[in-house]
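Data first, discussion second: the structure below is written as structure tokens.
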Amino acid sequence: MAKRGSNIYKIKDGRFEGRVHVGYKTDGSKKYKSVYGRTLTDVKDKMAQLYSVRTEKAVSTINLTVCEVAEEWLNATRLRVKDSSCANYENILNKHILPVLGREHIAALSANRINDFIHFKLTSGRLNGKGGLSTKSVRDIMTVYRSIERYVFREYGIRESYFTMPKIVPKNVNVLDHIERKKMETYLINNMDLTNLSIMLCLFTGLRIGEICGLKWEDINFTDGTLSVKRTVQRINKCGTSQVVIGSPKSRTSVRSVPIPDFVLKILSKYMSFGGFYIITNTMKPTEPRTMQNRFKMILKACGIRMVNFHILRHTYATVCIEKGFDPKALSEMLGHADAAITLNRYVHSSMEIKKEYVSRLCLLP
């Protein structure tokens with residue numbers, strides 16, 4: 001079949017075939033319709049008519065509601081994302097977008113209307129009715145909505161509203177200071193068990209809570225002194241029910257090998273068990289992150305440390321590494337980030353002591 005012009009082919013019986021893109025299949029691939037003619041002119045005329053019908057179809061779909069197109073988008077998205085991501089999108093839709101915008105016609109939604117929705121979420125968007133959501137939460141909501149708009153444009157030709165995404169104001173995330181770190185390290189060493197060992201491992205490798213819950217003994221290479229991050233444990237809401245799932249790490253770069261300090265490796269060797277067992281439970285069944293977070297809070301209380309989230313261990317690890325002179329690129333790879341900028345902007349928080357030490361190096365020229 002020889003190609004003659006844009007999407008026009010000459011077939012074996014001497015006729016010409018023209019193919020017109022008329023939409024997308026459920027798997028995301030393009031859908032075409034063919035027309036035939038004895039001459040190029042005939043085919044081009046028929047293609048022009050089909051393009052006109054396609055445009056009329058797009059115009060006729062302006063009554064589609066946000067709820068209707070959101071369902072289409074979600075079904076298409078399921079084919080290319082992890083279950084945990086899809087469950088998160090579904091929660092955002094059901095809890096935030098659809099209750100407010102679900103019945104409105106998506107083609108009629110202007111940028112002003114969407115910006116009003118954003119303002120509402122920032123000021124009164126909490127599900128308990130007590131105030132607004134954080135800028136990050138609202139951005140997550142609007143990222144889902146923007147994906148729906150782009151799907152509708154590709155599928156039906158309905159233009160996007162070009163709303164204004166709320167701007168993130170960087171905030172200084174606290175890390176464990178020197179005194180708090182010393183308290184925690186002392187407590188963990190003096191009360192060592194598999195849970196405390198896992199927290200120690202996070203403090204000195206920067207693993208996420210889901211990654212430490214998914215770590216098995218077979219992932220520890222005692223010869224090389226490294227651990228391999230291969231899986232993560234999450235609790236997600238799927239099909240209306242809450243369930244624990246074991247899946248691949250957060251992103252492609254999250255699959256990584258991380259060096260373990262020698263003193264931590266020696267402690268690990270004392271507890272080494274069957275390779276297929278999860279480290280925290282020492283069984284074939286993992287601990288879920290919610291349980292690990294609760295145990296962490298009990299340790300904070302025992303140490304006399306303020307109540308903070310488990311993720312502060314990762315922040316602390318990154319900050320200490322930078323203070324010790326780690327190369328940002330190497331650190332970003334150990335944390336599983338795509339580039340060093342993410343590491344520096346999100347996780348590294350310079351202390352006043354470090355800043356003063358830097359300033360002390362300034363002096364008059366001799």
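Here, A, B, ... name the chains of the structure tokens in the order displayed, residue numbers run from 1 inside each chain, and ligands are numbered from 1 in the same displayed order.
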Find the residues of segment 139-184 of chain A that sit at most 10 Å from segment 96-103 of chain A; for each, write down the nearest two atoms and how far apart they are in Å, to one decimal. Count only C-alpha atoms. Sort by chain, then by number going up, and give it as CSV.
```
residue,atom,partner,partner_atom,distance
A:Ile141,CA,A:His96,CA,7.4
A:Met142,CA,A:Ile97,CA,8.7
A:Val144,CA,A:Ile97,CA,9.0
A:Tyr145,CA,A:Ile97,CA,7.7
```
Using only C-alpha atoms, I'd like a table of the residues in segment 57-146 of chain A that come within 12 Å of segment 251-263 of chain A; for each, show the closest atom pair and its distance in Å rounded to one decimal, ordered by chain and ascending number, as a tab-separated table.
```
residue	atom	partner	partner_atom	distance
A:Val81	CA	A:Ser251	CA	11.0
A:Lys82	CA	A:Ser251	CA	10.3
A:Ser85	CA	A:Ser251	CA	11.1
```
Residue with smallest distance to Ile212 of chain A - pool A:Ser147, A:Asn191, A:Thr287, A:Asn94, counting only C-alpha atoms: A:Thr287
Give me, as a list in words, all polymer residues having an atom no more than 9 Å from Ile280 of chain A, counting only C-alpha atoms and skipping those fewer than 4 positions away in the same chain.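 The residues satisfying every condition are Asp193, Leu194, Thr195, Asn196, Leu197, Ser198, Ile212, Cys213, Gly214, Leu215, Lys216, Pro286 and Thr287 of chain A.
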Ser161 of chain A surroundings by only C-alpha atoms, 8 Å radius, close-in-sequence under 3 positions cut, as a PyMOL selection string: chain A and resi 109-111+114+149
Deliver the residues from the most recent selection as a file, using C-alpha atoms, as a tab-separated table (two decimals), in the first residue's frame.
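Saved as selection.tsv:
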```
chain	number	residue	atom	x	y	z
A	109	LEU	CA	-16.87	26.44	32.68
A	110	SER	CA	-14.84	29.63	32.29
A	111	ALA	CA	-11.48	30.43	33.81
A	114	ILE	CA	-12.60	27.59	37.97
A	149	GLU	CA	-9.68	19.27	30.50
```
